[in-house]
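Asks: Input structure: data_25.txt, which contains compact mmCIF, C-alpha atoms.
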```txt
# COMPACT_ATOMS: atom_id res chain seq x y z
CA MET N 977 168.73 162.62 101.41
CA ASN N 978 165.13 161.49 101.93
CA THR N 979 163.99 165.11 102.10
CA ARG N 980 165.52 165.85 98.70
CA ILE N 981 163.78 162.84 97.18
CA ILE N 982 160.45 163.90 98.63
CA PHE N 983 160.81 167.46 97.33
CA GLY N 984 161.83 166.12 93.91
CA LEU N 985 158.78 163.89 93.63
CA ALA N 986 156.54 166.76 94.77
CA GLY N 987 158.02 169.02 92.10
CA CYS N 988 157.48 166.39 89.42
CA GLY N 989 153.89 165.94 90.55
CA LEU N 990 153.31 169.71 90.48
CA LEU N 991 154.80 169.92 86.99
CA PHE N 992 152.64 167.01 85.78
CA ALA N 993 149.55 168.65 87.27
CA LEU N 994 150.30 171.96 85.53
CA VAL N 995 150.87 170.25 82.16
CA SER N 996 147.70 168.18 82.52
CA ALA N 997 145.67 171.26 83.49
CA TYR N 998 146.97 173.07 80.42
CA ILE N 999 146.24 170.16 78.05
CA TYR N 1000 142.76 169.35 79.35
CA GLY N 1001 141.88 172.99 79.87
CA ARG N 1002 142.24 173.90 76.21
CA GLN N 1003 138.87 174.38 74.43
CA LYS N 1004 138.70 172.84 70.99
CA PRO N 1005 136.78 174.86 68.40
CA ALA N 1006 133.35 173.39 67.60
CA LEU N 1007 133.07 171.51 64.32
CA PRO N 1008 130.97 173.21 61.68
CA PRO N 1009 127.52 171.58 61.25
CA VAL N 1010 127.17 169.00 58.52
CA PHE N 1011 124.03 170.76 57.33
CA THR N 1012 122.19 173.89 58.28
CA PRO N 1013 119.17 173.15 60.49
CA PRO N 1014 115.88 174.12 58.88
CA THR N 1015 114.68 177.61 59.67
CA ASN N 1016 111.27 179.19 59.38
CA PRO N 1017 111.19 181.07 56.05
CA TYR N 1018 107.89 182.79 56.90
CA ALA N 1019 107.13 185.53 59.38
CA SER N 1020 104.52 183.44 61.19
CA GLY N 1021 104.94 180.00 59.68
CA ILE N 1022 103.75 176.77 61.24
CA TYR N 1023 106.19 173.91 61.68
CA THR N 1024 105.02 170.39 61.03
CA ASN N 1025 106.45 167.07 59.99
CA GLY N 1026 105.33 165.21 56.91
CA ILE N 1027 105.64 161.97 54.99
CA VAL N 1028 106.49 161.77 51.31
CA GLU N 1029 103.94 159.77 49.31
CA SER N 1030 103.26 158.99 45.70
CA TYR N 1031 101.03 161.63 44.18
CA GLN N 1032 97.44 160.38 43.93
CA GLY N 1033 94.19 162.09 43.15
CA SER N 1034 92.92 160.74 46.48
CA GLY N 1035 94.24 158.52 49.22
CA GLU N 1036 97.87 157.65 49.79
CA ASN N 1037 99.49 154.76 47.96
CA ILE N 1038 97.81 151.94 46.03
CA ALA N 1039 97.61 148.90 48.31
CA ILE N 1040 96.88 145.75 46.28
CA TYR N 1041 95.24 142.78 47.99
CA PRO N 1042 94.17 139.53 46.27
CA ASP N 1043 90.52 138.53 46.02
CA VAL N 1044 91.44 134.83 46.35
CA SER N 1045 93.71 132.67 48.47
CA GLY N 1046 96.62 130.51 47.39
CA ARG N 1047 100.36 130.17 47.07
CA ILE N 1048 102.46 132.50 44.97
CA THR N 1049 103.69 130.78 41.81
CA GLN N 1050 105.29 133.71 40.00
CA ILE N 1051 106.34 137.30 40.66
CA HIS N 1052 106.42 139.30 37.44
CA VAL N 1053 107.85 142.63 38.67
CA ARG N 1054 110.53 144.01 40.92
CA GLU N 1055 110.46 146.93 43.29
CA GLY N 1056 111.07 150.14 41.40
CA ASP N 1057 109.68 148.89 38.08
CA ARG N 1058 107.38 151.17 36.11
CA VAL N 1059 104.25 149.32 35.07
CA LYS N 1060 101.25 150.00 32.87
CA ALA N 1061 97.61 149.49 33.79
CA GLY N 1062 96.68 145.80 33.43
CA GLN N 1063 100.26 144.53 33.56
CA PRO N 1064 100.63 141.30 35.62
CA LEU N 1065 102.28 141.75 39.01
CA VAL N 1066 101.91 138.47 40.92
CA SER N 1067 100.40 135.08 40.00
CA ILE N 1068 98.67 132.75 42.47
CA ASP N 1069 98.25 128.99 42.01
CA ASP N 1070 95.07 128.55 39.92
CA SER N 1071 95.21 124.85 39.02
CA VAL N 1072 92.00 123.94 40.89
CA GLN N 1073 90.10 126.91 39.47
CA GLN N 1074 91.26 126.09 35.94
CA ALA N 1075 89.91 122.53 36.26
CA LEU N 1076 86.60 123.82 37.62
CA ALA N 1077 86.25 126.36 34.80
CA ALA N 1078 87.03 123.68 32.20
CA GLN N 1079 84.43 121.33 33.71
CA GLN N 1080 81.76 124.03 33.65
CA GLN N 1081 82.68 124.92 30.08
CA HIS N 1082 82.17 121.32 28.96
CA GLN N 1083 78.86 121.14 30.81
CA ALA N 1084 77.70 124.32 29.07
CA GLU N 1085 78.76 122.94 25.69
CA ALA N 1086 76.81 119.70 26.35
CA ALA N 1087 73.72 121.70 27.33
CA LEU N 1088 74.09 123.81 24.18
CA ALA N 1089 74.31 120.71 22.01
CA GLN N 1090 71.14 119.34 23.62
CA LEU N 1091 69.39 122.68 23.05
CA GLN N 1092 70.41 122.75 19.39
CA ALA N 1093 69.18 119.18 18.98
CA LEU N 1094 65.78 120.15 20.35
CA GLN N 1095 65.63 123.24 18.14
CA ALA N 1096 66.56 121.15 15.06
CA GLU N 1097 63.69 118.69 15.51
CA PRO N 1098 62.03 116.99 13.70
CA ARG N 1099 64.95 114.95 12.50
CA LYS N 1100 64.43 113.71 8.93
CA GLU N 1101 65.46 110.16 9.71
CA THR N 1102 63.09 109.96 12.70
CA LEU N 1103 60.27 111.40 10.59
CA ASP N 1104 60.91 108.80 7.87
CA VAL N 1105 60.67 106.02 10.45
CA ALA N 1106 57.36 107.42 11.72
CA ALA N 1107 56.03 107.62 8.14
CA ALA N 1108 57.06 103.99 7.55
CA GLN N 1109 55.22 102.98 10.71
CA VAL N 1110 52.08 104.74 9.42
CA ALA N 1111 52.38 102.89 6.12
CA GLN N 1112 52.85 99.62 7.99
CA ALA N 1113 49.78 100.32 10.12
CA GLN N 1114 47.75 101.14 6.98
CA ALA N 1115 48.82 97.83 5.43
CA GLY N 1116 47.78 96.06 8.63
CA VAL N 1117 44.35 97.73 8.47
CA LYS N 1118 43.91 96.64 4.86
CA THR N 1119 44.93 93.06 5.63
CA ALA N 1120 42.62 92.85 8.65
CA GLY N 1121 39.80 94.50 6.69
CA ASP N 1122 40.12 92.07 3.81
CA ALA N 1123 40.11 89.12 6.19
CA TYR N 1124 37.04 90.43 8.00
CA GLU N 1125 35.16 91.02 4.71
CA LYS N 1126 35.90 87.47 3.58
CA GLN N 1127 34.68 86.06 6.88
CA GLN N 1128 31.58 88.26 6.78
CA HIS N 1129 30.81 87.36 3.13
CA ALA N 1130 31.11 83.63 3.85
CA TYR N 1131 28.85 84.03 6.90
CA ARG N 1132 26.20 85.71 4.79
CA ILE N 1133 26.25 82.93 2.24
CA ASP N 1134 26.10 80.15 4.74
CA PRO N 1135 26.13 80.89 8.47
CA ARG N 1136 27.22 77.35 9.13
CA SER N 1137 30.39 77.73 6.99
CA ILE N 1138 32.11 79.83 9.65
CA SER N 1139 31.74 80.05 13.35
CA LYS N 1140 30.53 83.11 15.16
CA ASP N 1141 33.73 83.16 17.17
CA ALA N 1142 35.94 83.35 14.05
CA LEU N 1143 33.84 86.22 12.71
CA ASP N 1144 34.18 88.13 15.99
CA SER N 1145 37.95 87.53 16.05
CA ALA N 1146 38.28 88.92 12.51
CA ARG N 1147 36.29 92.00 13.51
CA ASP N 1148 38.43 92.52 16.63
CA ALA N 1149 41.62 92.16 14.56
CA LEU N 1150 40.38 94.93 12.25
CA GLN N 1151 39.66 97.24 15.19
CA VAL N 1152 43.15 96.61 16.62
CA ALA N 1153 44.70 97.37 13.22
CA GLN N 1154 42.70 100.61 12.98
CA ALA N 1155 43.80 101.59 16.49
CA ASN N 1156 47.42 100.90 15.56
CA LEU N 1157 47.01 103.09 12.49
CA ASP N 1158 45.57 105.91 14.59
CA TYR N 1159 48.50 105.59 17.04
CA ALA N 1160 51.06 105.62 14.20
CA ARG N 1161 49.48 108.72 12.67
CA ARG N 1162 49.45 110.54 16.02
CA GLN N 1163 53.08 109.54 16.61
CA TYR N 1164 53.96 110.88 13.17
CA SER N 1165 52.19 114.18 13.94
CA LEU N 1166 54.02 114.43 17.27
CA ILE N 1167 57.43 113.90 15.68
CA LYS N 1168 56.62 116.27 12.84
CA ALA N 1169 55.65 119.03 15.31
CA GLY N 1170 59.20 119.03 16.71
CA ALA N 1171 60.30 119.58 20.31
CA TRP N 1172 57.85 120.99 22.82
CA THR N 1173 58.40 124.70 23.50
CA TYR N 1174 58.52 124.09 27.23
CA ASP N 1175 61.31 121.53 26.75
CA ILE N 1176 63.21 124.04 24.63
CA HIS N 1177 62.78 126.81 27.21
CA ASN N 1178 63.84 124.49 30.02
CA GLN N 1179 66.96 123.38 28.15
CA GLU N 1180 67.73 126.98 27.20
CA ALA N 1181 67.52 128.02 30.86
CA GLN N 1182 69.85 125.18 31.85
CA TYR N 1183 72.33 126.21 29.18
CA ASN N 1184 72.21 129.87 30.30
CA ALA N 1185 72.76 128.85 33.92
CA LEU N 1186 75.76 126.70 33.03
CA GLN N 1187 77.10 129.41 30.75
CA GLN N 1188 76.85 131.98 33.55
CA ALA N 1189 78.59 129.58 35.92
CA TYR N 1190 81.41 129.17 33.42
CA ARG N 1191 81.71 132.92 32.97
CA SER N 1192 81.80 133.37 36.74
CA SER N 1193 84.55 130.77 37.07
CA SER N 1194 86.48 132.38 34.21
CA ALA N 1195 86.17 135.80 35.86
CA LEU N 1196 87.34 134.33 39.17
CA LEU N 1197 90.22 132.65 37.33
CA GLN N 1198 91.45 136.09 36.27
CA LYS N 1199 91.63 137.09 39.95
CA PHE N 1200 94.49 134.66 40.48
CA THR N 1201 96.75 137.12 38.64
CA LEU N 1202 97.17 140.48 40.38
CA ARG N 1203 97.42 143.25 37.80
CA ALA N 1204 98.35 146.89 38.02
CA PRO N 1205 95.18 148.96 38.46
CA ALA N 1206 96.82 152.04 36.92
CA ASP N 1207 100.08 153.31 35.49
CA GLY N 1208 102.67 153.75 38.21
CA VAL N 1209 105.72 152.44 40.02
CA VAL N 1210 106.03 149.29 42.12
CA MET N 1211 107.11 150.51 45.55
CA ALA N 1212 107.05 147.27 47.53
CA VAL N 1213 106.52 143.55 46.92
CA ASN N 1214 105.74 142.00 50.31
CA THR N 1215 105.72 138.33 49.33
CA ALA N 1216 107.98 135.65 47.91
CA MET N 1217 107.66 132.57 45.72
CA GLY N 1218 105.76 129.85 47.56
CA SER N 1219 104.29 132.18 50.17
CA TYR N 1220 100.61 131.91 51.03
CA VAL N 1221 98.43 134.97 50.51
CA SER N 1222 94.75 135.63 51.15
CA PRO N 1223 92.33 138.54 50.90
CA GLN N 1224 93.83 139.69 54.22
CA GLY N 1225 97.14 140.16 52.43
CA ALA N 1226 100.60 138.70 53.01
CA TYR N 1227 101.91 137.78 56.45
CA ASP N 1228 104.94 139.79 57.55
CA THR N 1229 107.27 137.78 59.78
CA TYR N 1230 108.82 140.97 61.19
CA THR N 1231 105.69 142.85 62.21
CA ARG N 1232 103.68 139.62 62.65
CA GLY N 1233 100.76 141.20 60.88
CA TYR N 1234 99.14 141.23 57.47
CA GLY N 1235 99.78 143.84 54.82
CA PRO N 1236 99.23 144.43 51.10
CA VAL N 1237 100.89 142.00 48.72
CA VAL N 1238 102.03 144.82 46.43
CA VAL N 1239 102.22 148.56 47.07
CA MET N 1240 102.17 150.85 44.07
CA GLY N 1241 102.60 154.56 43.65
CA GLY N 1242 101.60 156.91 40.90
CA PRO N 1243 103.94 158.15 38.19
CA GLN N 1244 106.99 159.73 39.82
CA ASP N 1245 106.88 163.04 37.96
CA TYR N 1246 105.26 164.44 41.09
CA LEU N 1247 105.41 163.36 44.70
CA SER N 1248 103.11 164.47 47.48
CA VAL N 1249 103.79 165.37 51.11
CA ARG N 1250 101.18 164.64 53.74
CA CYS N 1251 101.63 167.07 56.62
CA PHE N 1252 100.03 166.77 60.04
CA ILE N 1253 99.02 170.12 61.58
CA ASP N 1254 98.53 170.09 65.35
CA GLU N 1255 94.93 170.86 66.27
CA ILE N 1256 96.03 173.74 68.54
CA LEU N 1257 97.61 175.42 65.51
CA LEU N 1258 94.62 175.12 63.20
CA THR N 1259 93.53 178.68 63.93
CA ARG N 1260 96.85 179.90 62.51
CA LEU N 1261 96.50 177.87 59.32
CA PRO N 1262 96.16 180.26 56.34
CA SER N 1263 93.19 180.10 54.02
CA VAL N 1264 93.31 177.78 51.04
CA GLU N 1265 93.79 180.71 48.62
CA HIS N 1266 96.89 182.01 50.45
CA ILE N 1267 98.55 178.87 51.80
CA ARG N 1268 102.10 178.00 50.81
CA ALA N 1269 104.79 175.75 52.22
CA GLN N 1270 108.45 174.78 52.04
CA MET N 1271 109.96 171.35 52.65
CA SER N 1272 113.41 170.57 54.06
CA LEU N 1273 115.05 167.20 53.66
CA ARG N 1274 116.47 165.96 56.91
CA GLY N 1275 120.24 165.68 56.92
CA THR N 1276 120.68 168.01 53.93
CA ASP N 1277 120.47 171.67 53.01
CA VAL N 1278 117.90 170.92 50.31
CA LYS N 1279 114.77 173.07 50.51
CA ILE N 1280 111.90 172.53 48.06
CA PRO N 1281 108.84 174.76 47.64
CA LEU N 1282 105.54 172.90 47.86
CA GLU N 1283 102.30 173.33 45.92
CA PHE N 1284 99.07 173.07 47.89
CA VAL N 1285 96.75 170.24 46.76
CA ARG N 1286 93.98 169.76 49.31
CA ILE N 1287 93.05 169.50 52.97
CA GLN N 1288 91.63 166.29 54.32
CA PRO N 1289 88.86 167.83 56.46
CA TYR N 1290 88.95 165.29 59.25
CA VAL N 1291 91.05 165.60 62.41
CA THR N 1292 92.51 162.25 63.46
CA PRO N 1293 94.87 160.92 66.16
CA LYS N 1294 98.49 161.26 65.17
CA ILE N 1295 99.43 157.62 64.66
CA GLN N 1296 100.71 157.84 61.08
CA LEU N 1297 104.35 157.99 62.14
CA SER N 1298 104.26 155.28 64.82
CA ASP N 1299 101.47 153.21 63.23
CA GLN N 1300 100.41 152.21 66.73
CA ARG N 1301 96.64 151.97 66.41
CA THR N 1302 96.25 150.44 69.87
CA GLU N 1303 98.10 153.09 71.83
CA ARG N 1304 96.32 155.95 73.59
CA VAL N 1305 97.05 159.13 71.64
CA ASP N 1306 96.04 162.58 72.91
CA LEU N 1307 97.48 164.61 70.03
CA ARG N 1308 95.12 165.05 67.09
CA VAL N 1309 96.17 166.46 63.76
CA LEU N 1310 94.69 167.71 60.48
CA PRO N 1311 96.23 166.17 57.33
CA VAL N 1312 97.20 168.71 54.65
CA ILE N 1313 98.53 167.47 51.30
CA PHE N 1314 101.07 169.29 49.15
CA ARG N 1315 102.94 168.20 46.07
CA PHE N 1316 106.27 168.97 44.42
CA LYS N 1317 108.01 168.11 41.19
CA THR N 1318 110.70 165.51 41.62
CA PRO N 1319 114.08 167.28 41.62
CA GLY N 1320 116.81 165.94 39.41
CA ASN N 1321 119.75 166.64 41.75
CA VAL N 1322 118.51 164.64 44.76
CA THR N 1323 116.68 161.35 45.24
CA ILE N 1324 113.54 161.37 47.38
CA TYR N 1325 111.68 158.20 48.28
CA PRO N 1326 108.04 157.73 49.33
CA GLY N 1327 107.81 157.08 53.05
CA GLN N 1328 110.61 159.55 53.84
CA GLN N 1329 110.00 162.00 56.71
CA VAL N 1330 110.57 165.68 56.05
CA ASP N 1331 110.31 169.00 57.89
CA VAL N 1332 107.70 171.39 56.56
CA TYR N 1333 106.93 175.04 57.28
CA VAL N 1334 103.48 176.28 56.30
CA GLY N 1335 103.02 180.00 55.78
CA GLU N 1336 100.89 182.59 54.05
CA LYS N 1337 101.44 184.30 50.72
```
Is it possible to express this structure as C-alpha cells?

Replies:
Amino acid sequence: MNTRIIFGLAGCGLLFALVSAYIYGRQKPALPPVFTPPTNPYASGIYTNGIVESYQGSGENIAIYPDVSGRITQIHVREGDRVKAGQPLVSIDDSVQQALAAQQQHQAEAALAQLQALQAEPRKETLDVAAAQVAQAQAGVKTAGDAYEKQQHAYRIDPRSISKDALDSARDALQVAQANLDYARRQYSLIKAGAWTYDIHNQEAQYNALQQAYRSSSALLQKFTLRAPADGVVMAVNTAMGSYVSPQGAYDTYTRGYGPVVVMGGPQDYLSVRCFIDEILLTRLPSVEHIRAQMSLRGTDVKIPLEFVRIQPYVTPKIQLSDQRTERVDLRVLPVIFRFKTPGNVTIYPGQQVDVYVGEK
C-alpha cells in the first residue's frame, strides 16, 4: 500500500514537471517596436545628438537679467505668450527710485526758476526802488548844500555870527550827502546792469547738473520694468510674486543657483538645432557647401530634414547636456547649428534632445 502511494506521488510530480517545462519553455513572440529606431540615411553620415533651440541670428536663447535689485511686484506675461519688442514682462518694486527721481526733478525745477530769475534781471520794481533812492540822495545833497551855503554866507558877513565848528559840520554834512548820492547812483547802475554773467553761468551749470541727475534717475527707473528686447515667445518665467531678484538673476530653490529671470525665444516659425560633433569626427565633417542633415525625434518615427545655418568655430568641452561646469570632461565637441520649419503635425519644444545624422550632398 505504501509503495503504491509513493509511485502515485512520483507520477504526479513527473506529470507536473512535464507540464511546467512545456509552459515555461514556450517562447513568446517579441512585441513590435513602438517606433523605428533612427537609421543613418547617408552613406557615410555622422551621428550626433542635438538640442532644439529658438532660432536666433546668434547665440542660443534670450536670457533676460535685471539691471537693478528688488522684489517682484507684478508679472505681466505667462510662459508661451507671444510678445512684441518693448512689451513689459516683469515689474520690480520701484517706490524708492520714484521718490528719488521726484526729488531730483523738484530740485532741477527750483534751479531753473533761479536761473530764469537771474536772466530776467533787472526787475522793474527793484530798478524803481533804486531810482527812488537816487532821487532821495539828490534831495539830501541839495538840502545839505543849501544849509552849507547859508552857513558860509553868514560867516562871510560876520565871522562872529557863526562858529567855525558849525561851518565845518555843515561842510561835512554836504560831503556825506554827496557820497550817499554817488553810492545810490552806483547801486542803480549795478541793478540796471542785471545779473553777473558768472552768476548766470554758475546757476546754469547747477541746473544742468540737476537735470542730468533727474534724467539718470528716470532712466534707472525704467530699468525696474523688464521689457522684451525683441519680438518672440516667452519660454520660461523663473520667478514669482514677492521673490527677490538682482543682476545675478533669480534664485532657483531646486538647483540652488542663479539663473535668468525670463527666458525668451525668437518667433517660432523656425527652430534651430545645435549639434555637437565629436572632435575625432571633425575630419569627416563635409564642407559647408555640401553639408546636410536629418533630425529624428526620440520616441517617434518623425524625421525632419535640416537646413544648415552656421558652424561655431570653437571646440569646447561637452557640458551642454549635463551643464556640469565643474566636472572634468575629456570629450570636446564642435557646435554646428541647423534650422527647420516648425511642422504642423507634431509639437517640438526648445530644450528637447534629438538624434541627428550629418551627411554630404

Asks: Just to confirm, what's the straight-line distance from CA of Tyr1325 (chain N) to CA of Ile1048 (chain N) in Å (one decimal)?

Replies: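 Spanning CA of Tyr1325 (chain N) to CA of Ile1048 (chain N) is a straight-line distance of 27.5 Å.
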
Asks: Need the shell around Ile1138 (chain N): protein/DNA/RNA residues with any atom at most 12 Å away, counting all atoms listed in the file. Skip same-chain ones fewer than 4 positions apart. Format as a count of residues only?

Replies: 15

Asks: Which residue, N:Gln1073, N:Ser996, N:Thr1049, N:Gln1182, has the smallest gap to Gly1218 (chain N) when you use all atoms listed in the file?

Replies: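 Using all atoms listed in the file, the shortest distance to Gly1218 (chain N) belongs to N:Thr1049.
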
Asks: Could you give me, as CSV, a per-residue list for region 982-1065 of chain N showing, wherever an atom lies at most 10 Å from an atom of region 1266-1283 of chain N, the closest pair of atoms and their distance in Å to one decimal, using only C-alpha atoms and sorting by chain then residue number from low to high?

Replies:
```
residue,atom,partner,partner_atom,distance
N:Val1010,CA,N:Gly1275,CA,7.8
N:Phe1011,CA,N:Thr1276,CA,5.5
N:Thr1012,CA,N:Asp1277,CA,6.0
N:Pro1013,CA,N:Asp1277,CA,7.7
N:Pro1014,CA,N:Ser1272,CA,6.5
N:Thr1015,CA,N:Ser1272,CA,9.1
N:Asn1016,CA,N:Gln1270,CA,9.0
N:Pro1017,CA,N:Gln1270,CA,7.9
N:Tyr1018,CA,N:Ala1269,CA,9.0
N:Gly1021,CA,N:Ala1269,CA,8.6
N:Ile1022,CA,N:Ala1269,CA,9.1
N:Tyr1023,CA,N:Ala1269,CA,9.7
N:Thr1024,CA,N:Met1271,CA,9.8
N:Asn1025,CA,N:Met1271,CA,9.2
N:Gly1026,CA,N:Met1271,CA,8.8
```

Asks: For Ser1067 (chain N), find every residue with an atom within 10 Å (counting only C-alpha atoms), except residues of its own chain fewer than 5 positions away, and show them as a list of chain:residue names.

Replies: N:Pro1042, N:Gly1046, N:Arg1047, N:Ile1048, N:Thr1049, N:Gln1050, N:Ile1051, N:His1052, N:Gln1198, N:Lys1199, N:Phe1200, N:Thr1201, N:Leu1202, N:Arg1203, N:Met1217

Asks: If I take CA of Phe992 (chain N) and CA of Thr979 (chain N), how far is one from the other in Å, to one decimal?

Replies: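 Here the two named atoms are 20.0 Å from each other.
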
Asks: Measuring atom to atom with all atoms listed in the file, identify which of N:Ala1061, N:Ala1155, N:Ala1077, N:Val1053 is nearest to Val1110 (chain N).

Replies: N:Ala1155

Asks: Once you count only C-alpha atoms, which residues end up no further than 12 Å from (44.5, 93.1, 15.7) in the file's frame, shown as a list in words?

Replies: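 I get Ala1113, Gly1116, Val1117, Lys1118, Thr1119, Ala1120, Gly1121, Ala1123, Tyr1124, Asp1144, Ser1145, Ala1146, Arg1147, Asp1148, Ala1149, Leu1150, Gln1151, Val1152, Ala1153, Gln1154, Ala1155, Asn1156 and Leu1157 of chain N for the residues within 12 Å of that point.
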
Asks: Which is closest to Lys1294 (chain N) among N:Asp1057, N:Ile1253, N:Gln1032, N:Leu1258, if we use only C-alpha atoms?

Replies: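 That would be N:Ile1253, the residue with the smallest distance to Lys1294 (chain N).
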
Asks: Pick out the residues sitting within 8 Å of Val1209 (chain N), and hand them over as number ranges by chain; count all atoms listed in the file, and ignore anything fewer than 5 positions along from it in its own chain.

Replies: N: 1055-1059, 1240-1244

Asks: Next, the residues of the selection above should be written as a PDB file, keeping the file's coordinate frame with C-alpha atoms.

Replies:
```
ATOM      1  CA  GLU N1055     110.460 146.930  43.290  1.00  0.00           C
ATOM      2  CA  GLY N1056     111.070 150.140  41.400  1.00  0.00           C
ATOM      3  CA  ASP N1057     109.680 148.890  38.080  1.00  0.00           C
ATOM      4  CA  ARG N1058     107.380 151.170  36.110  1.00  0.00           C
ATOM      5  CA  VAL N1059     104.250 149.320  35.070  1.00  0.00           C
ATOM      6  CA  MET N1240     102.170 150.850  44.070  1.00  0.00           C
ATOM      7  CA  GLY N1241     102.600 154.560  43.650  1.00  0.00           C
ATOM      8  CA  GLY N1242     101.600 156.910  40.900  1.00  0.00           C
ATOM      9  CA  PRO N1243     103.940 158.150  38.190  1.00  0.00           C
ATOM     10  CA  GLN N1244     106.990 159.730  39.820  1.00  0.00           C
TER      11      GLN N1244
END
```

Asks: For Val1239 (chain N), which residue out of N:Val1072, N:Leu1261, N:Ile1027, N:Met1211 is the nearest one, using all atoms listed in the file?

Replies: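 Counting all atoms listed in the file, the residue closest to Val1239 (chain N) is N:Met1211.
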
Asks: Could you give me the axis-aligned bounding box of region 1218-1236 of chain N, with 3 Å of padding per side, as centre plus edge lengths in Å to one decimal, as AutoDock Vina command-line options?

Replies:
```
--center_x 100.6 --center_y 137.1 --center_z 55.1 --size_x 22.5 --size_y 20.6 --size_z 21.1
```

Asks: Hey, can you check how far CA of Gln1081 (chain N) sits from CA of Gln1095 (chain N)?

Replies: 20.9 Å

Asks: Would you mind completing region 978-994 of chain N to N, CA and C atoms and writing the output as a short mmCIF file (atom, residue, chain, number, x, y, z; two decimals), in the frame of the given file?

Replies:
```cif
data_model
loop_
_atom_site.label_atom_id
_atom_site.label_comp_id
_atom_site.auth_asym_id
_atom_site.auth_seq_id
_atom_site.Cartn_x
_atom_site.Cartn_y
_atom_site.Cartn_z
N ASN N 978 166.54 161.81 102.11
CA ASN N 978 165.13 161.49 101.93
C ASN N 978 164.32 162.73 101.67
N THR N 979 164.72 163.86 102.30
CA THR N 979 163.99 165.11 102.10
C THR N 979 164.13 165.57 100.68
N ARG N 980 165.33 165.46 100.10
CA ARG N 980 165.52 165.85 98.70
C ARG N 980 164.65 165.00 97.75
N ILE N 981 164.59 163.71 98.04
CA ILE N 981 163.78 162.84 97.18
C ILE N 981 162.32 163.24 97.26
N ILE N 982 161.85 163.52 98.46
CA ILE N 982 160.45 163.90 98.63
C ILE N 982 160.14 165.19 97.89
N PHE N 983 161.04 166.20 98.04
CA PHE N 983 160.81 167.46 97.33
C PHE N 983 160.89 167.28 95.83
N GLY N 984 161.74 166.37 95.36
CA GLY N 984 161.83 166.12 93.91
C GLY N 984 160.56 165.50 93.36
N LEU N 985 160.02 164.52 94.08
CA LEU N 985 158.78 163.89 93.63
C LEU N 985 157.62 164.88 93.65
N ALA N 986 157.60 165.75 94.69
CA ALA N 986 156.54 166.76 94.77
C ALA N 986 156.62 167.73 93.61
N GLY N 987 157.87 168.10 93.24
CA GLY N 987 158.02 169.02 92.10
C GLY N 987 157.57 168.37 90.80
N CYS N 988 157.92 167.08 90.65
CA CYS N 988 157.48 166.39 89.42
C CYS N 988 155.96 166.29 89.36
N GLY N 989 155.35 166.02 90.53
CA GLY N 989 153.89 165.94 90.55
C GLY N 989 153.25 167.27 90.23
N LEU N 990 153.85 168.37 90.77
CA LEU N 990 153.31 169.71 90.48
C LEU N 990 153.44 170.03 89.00
N LEU N 991 154.60 169.67 88.42
CA LEU N 991 154.80 169.92 86.99
C LEU N 991 153.83 169.12 86.14
N PHE N 992 153.60 167.86 86.53
CA PHE N 992 152.64 167.01 85.78
C PHE N 992 151.23 167.57 85.88
N ALA N 993 150.88 168.08 87.08
CA ALA N 993 149.55 168.65 87.27
C ALA N 993 149.37 169.90 86.41
N LEU N 994 150.41 170.76 86.35
CA LEU N 994 150.30 171.96 85.53
C LEU N 994 150.18 171.63 84.05
#
```
